[in-house]
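> Would you mind keeping the following structure in view while I ask a few things?
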Amino acid sequence: MADRTGGLLIQNVLIYGEGDPTDVLVRDGSIAEIGSGLAVGDAEVVEGHGQILLPGFVDLHTHLREPGREDTETIDSGSAAAAIGGYTAVFAMANTSPVADSVVVTDHVWRRGQEVGLVDVHPVGAVTVGLEGKQLAEMATMAAGTGRVRMFSDDGHCVYDPLIMRRALEYSSALGVLIAQHAEEPRLTVGAVAHEGPTAARLGLTGWPRAAEESIVARDALLARDAGARVHICHASTAGTVELVKWARTQGITITAEVTPHHLLLDDSRLETYDAVNKVNPPLREASDVEALRRGLADGVIDCVATDHAPHAEQDKCCEFAAARPGMLGLETALSIVIETMVKPGLLDWRGVARVMSERPAEIVGLDDQGRPVEVGEPANLVLVDPDVEWTVHGPDLASVASNTPYESMTLPGRVTTTVLRGRITARDGAARPREEV
């Protein structure tokens, strides 16, 4: 949906954090003019105060829980969280109830996202029926549906059968879609709840070896090579995965990978309290893995940041560590974590932030209207960031239905002040702005 008739004027902003403050005029959903002292006319005005203007963020890995677990998140609440976090497009994973393994479900998710209108909610289709890893889902039907599914994943489960994965990659190549793999060899993670290392051993927690992830990454790289297909690695968590992705590219294999904000900031020392808010899949690793992931993201080996936003009900987290559901909120805090881990240490500048949070994820899934340069004629999917503000995280204050954030009471740097979807403000000053308010 385009902007109102008068358009939108964003004044005094630093595009990509560079140069002198300038104005950006938006009309009919696109950037119409960039320059100093642009005429206001009847446009809605946003005063930028020297803040940073970037293309809107794209999240390849979001759990919105609808249909089936609306007690933990809905497309409405998840879209609000995404818009507040600076996102203009998110990809909703298939592990809903019913599973998004048919065009009926994927089209429903797309339509609900369009009705809410705060972000583009792209459905992710399941690779296999019921996420059971036994029979391929009807990928072609979902890809041809109203939701135009362009990425398929059994996330939450690994497509562990190599023959099924090979067939999925072959079909994906023919359809021009992407397979995103939850890399976990299940026979190595039976009963595992924490990274296999000294911390888990001392705490008496069953260990989850790095090899469970890395063996699947290596296998799927080879399967993608033989199928002439693309494969995307969800939530990379180990130094070995970084090295395997780097190696695969030297072999001409088309492989991409994402890292979550929590794997960039947190390590398994957080488990000392046995607080299940820190339980996640894959688990928090050691500090050496965190450092390797940061370097991999800075160097472009890891392509992008994806939140793996995973809301859970209080009863699913406030319980024995081993029994708790894995996952944590991520949409509203993602930018601040990237600033803390990548910008402040000098690993990324603001163009780098745009690359890993907007441009590369849009390229990976072939979105031609997202992740575009902030230039005249481009779609006005934009985010305005105040890099100097600090804010303290309180789970109940976040837009999600759930409140399972591992950053509770942390003070984080930088925050989104305005999000614009095709010329229309969808979030401002920490609050979503539904279409009916415009």
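By order of appearance in the structure tokens: chains A, B, ..., then residues from 1 within every chain, and ligands from 1 in the order shown.
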Just want the 8 Å neighbourhood of His49 (chain A), counted on only C-alpha atoms, with same-chain residues fewer than 5 positions away dropped. Output as a list of chain:residue names.

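That gives A:Gln11, A:Asn12, A:Val13.
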
> Any chance you could list, as a PyMOL selection string, the residues in region 184-320 of chain A that come up alpha helix (DSSP H) when DSSP is run on the backbone?

chain A and resi 198-203+210-227+239-250+261-265+287-299+314-317

> Report the distance between CA of His182 (chain A) and CA of Cys158 (chain A) in Å, rounded to one decimal place.

4.9 Å

> Counting only C-alpha atoms, which residue out of A:Ser269, A:Gln135, A:Thr254, A:Thr392 sits closest to Ile179 (chain A)?

A:Thr254

> Please measure the separation of CA of Pro387 (chain A) and CA of Leu412 (chain A), giving the value in Å to one decimal.

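So the two atoms, CA of Pro387 (chain A) and CA of Leu412 (chain A), lie 10.5 Å apart.
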
> I'd like the neighbourhood of Pro326 (chain A) as a ChimeraX atom specification, where a residue qualifies if any of its atoms comes within 7 Å (using only C-alpha atoms), though same-chain residues fewer than 3 positions away should be ignored.

/A:279-281

> Those selected residues, please, written with all heavy atoms and delivered as a compact mmCIF listing (two decimals), in the first residue's frame.


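Just written: selection32.txt:
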# COMPACT_ATOMS: atom_id res chain seq x y z
N LYS A 279 17.84 -21.15 26.92
CA LYS A 279 17.82 -22.38 26.13
C LYS A 279 17.36 -22.08 24.71
O LYS A 279 16.30 -21.48 24.50
CB LYS A 279 16.89 -23.41 26.77
CG LYS A 279 16.91 -24.76 26.05
CD LYS A 279 15.99 -25.76 26.72
CE LYS A 279 16.02 -27.10 26.00
NZ LYS A 279 15.07 -28.07 26.60
N VAL A 280 18.16 -22.49 23.76
CA VAL A 280 17.88 -22.16 22.36
C VAL A 280 18.45 -23.27 21.49
O VAL A 280 19.32 -24.04 21.92
CB VAL A 280 18.50 -20.78 22.00
CG1 VAL A 280 20.01 -20.82 22.02
CG2 VAL A 280 17.97 -20.25 20.69
N ASN A 281 17.93 -23.38 20.28
CA ASN A 281 18.37 -24.41 19.34
C ASN A 281 18.81 -23.74 18.04
O ASN A 281 17.99 -23.10 17.39
CB ASN A 281 17.21 -25.38 19.07
CG ASN A 281 17.56 -26.48 18.11
OD1 ASN A 281 18.61 -26.50 17.49
ND2 ASN A 281 16.64 -27.43 17.95

> Between CA of Glu132 (chain A) and CA of Val105 (chain A), what is the spacing in Å?

17.0 Å

> Just the residues within 6 Å of Val58 (chain A), please, counting only C-alpha atoms, with nothing from its chain fewer than 6 positions along; format it as a list in words.

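Using only C-alpha atoms, the neighbours found are Tyr87, Ala89, Val90 and Ser358 of chain A.
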
> For Glu314 (chain A), list every protein, DNA or RNA residue within 9 Å, evaluated using only C-alpha atoms, and leave out those in the same chain fewer than 4 positions away; present the list as a PDB file with all heavy atoms, in the first residue's frame.


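That gives us around04.pdb:
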ATOM      1  N   THR A  72       1.009 -17.414  22.103  1.00  0.00           N
ATOM      2  CA  THR A  72       2.404 -16.978  22.220  1.00  0.00           C
ATOM      3  C   THR A  72       2.774 -15.871  21.234  1.00  0.00           C
ATOM      4  O   THR A  72       3.680 -15.074  21.504  1.00  0.00           O
ATOM      5  CB  THR A  72       3.365 -18.164  22.022  1.00  0.00           C
ATOM      6  OG1 THR A  72       3.184 -18.705  20.703  1.00  0.00           O
ATOM      7  CG2 THR A  72       3.101 -19.256  23.051  1.00  0.00           C
ATOM      8  N   CYS A 318       9.310 -21.236  32.077  1.00  0.00           N
ATOM      9  CA  CYS A 318       9.501 -21.229  33.537  1.00  0.00           C
ATOM     10  C   CYS A 318       9.325 -22.647  34.069  1.00  0.00           C
ATOM     11  O   CYS A 318       8.322 -22.982  34.725  1.00  0.00           O
ATOM     12  CB  CYS A 318       8.535 -20.267  34.200  1.00  0.00           C
ATOM     13  SG  CYS A 318       8.839 -18.550  33.773  1.00  0.00           S
ATOM     14  N   CYS A 319      10.286 -23.499  33.765  1.00  0.00           N
ATOM     15  CA  CYS A 319      10.234 -24.899  34.155  1.00  0.00           C
ATOM     16  C   CYS A 319      11.659 -25.449  34.183  1.00  0.00           C
ATOM     17  O   CYS A 319      12.624 -24.706  33.975  1.00  0.00           O
ATOM     18  CB  CYS A 319       9.358 -25.700  33.190  1.00  0.00           C
ATOM     19  SG  CYS A 319       9.888 -25.616  31.455  1.00  0.00           S
ATOM     20  N   ALA A 402       4.424 -13.000  23.878  1.00  0.00           N
ATOM     21  CA  ALA A 402       5.349 -13.602  24.839  1.00  0.00           C
ATOM     22  C   ALA A 402       6.377 -12.569  25.300  1.00  0.00           C
ATOM     23  O   ALA A 402       6.502 -11.485  24.720  1.00  0.00           O
ATOM     24  CB  ALA A 402       6.048 -14.799  24.205  1.00  0.00           C
ATOM     25  N   SER A 403       7.116 -12.927  26.335  1.00  0.00           N
ATOM     26  CA  SER A 403       8.117 -11.995  26.874  1.00  0.00           C
ATOM     27  C   SER A 403       9.451 -12.665  27.151  1.00  0.00           C
ATOM     28  O   SER A 403      10.249 -12.168  27.961  1.00  0.00           O
ATOM     29  CB  SER A 403       7.588 -11.341  28.156  1.00  0.00           C
ATOM     30  OG  SER A 403       7.262 -12.313  29.120  1.00  0.00           O
ATOM     31  N   ASN A 404       9.739 -13.791  26.490  1.00  0.00           N
ATOM     32  CA  ASN A 404      10.952 -14.568  26.770  1.00  0.00           C
ATOM     33  C   ASN A 404      12.182 -13.979  26.072  1.00  0.00           C
ATOM     34  O   ASN A 404      12.714 -14.515  25.120  1.00  0.00           O
ATOM     35  CB  ASN A 404      10.760 -16.031  26.367  1.00  0.00           C
ATOM     36  CG  ASN A 404      10.317 -16.213  24.918  1.00  0.00           C
ATOM     37  OD1 ASN A 404       9.303 -15.672  24.500  1.00  0.00           O
ATOM     38  ND2 ASN A 404      11.083 -16.977  24.166  1.00  0.00           N
TER      39      ASN A 404
END

> What's around Val338 (chain A) at 9 Å? Count only C-alpha atoms, leave out sequence neighbours fewer than 6 positions away in its own chain, and write the answer as a list in words.

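In the requested form, the answer reads Pro261, Leu264, Leu265, Val305, Lys344, Leu348 and Val353 of chain A.
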
> Near Trp110 (chain A), within 8 Å and counting only C-alpha atoms, which residues show up once chain neighbours fewer than 3 positions away are dropped, as a list in words?

Thr106, Asp107, Gly113, Gln114, Val121, His122, Pro123, Thr146 and Gly147 of chain A

> Among region 216-334 of chain A, which ones does DSSP place in strand (DSSP E), written as a list in words?

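Here is the list: Val231, His232, Ile233, Ile255, Thr256, Ala257, Glu258, Val259, Cys304 and Val305 of chain A.
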
> For Arg415 (chain A), which residue among A:Glu138, A:Asp226, A:Asp23, A:Asp388 is the nearest when counting only C-alpha atoms?

A:Asp388

> Write out as a tab-separated table a residue-level contact list of region 352-378 of chain A versus region 148-156 of chain A with cut-off 10 Å: for each qualifying residue the closest pair of atoms and the distance in Å to one decimal, counting only C-alpha atoms, rows sorted by chain and residue number upward.


residue	atom	partner	partner_atom	distance
A:Ile364	CA	A:Met151	CA	9.5
A:Val365	CA	A:Arg150	CA	6.5
A:Gly366	CA	A:Arg150	CA	8.0
A:Leu367	CA	A:Arg150	CA	9.3

> With distances taken over only C-alpha atoms, which of A:Cys234, A:Val119, A:Leu329, A:Ala83 is nearest to Ile216 (chain A)?

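With only C-alpha atoms as the atom set, the closest residue is A:Cys234.
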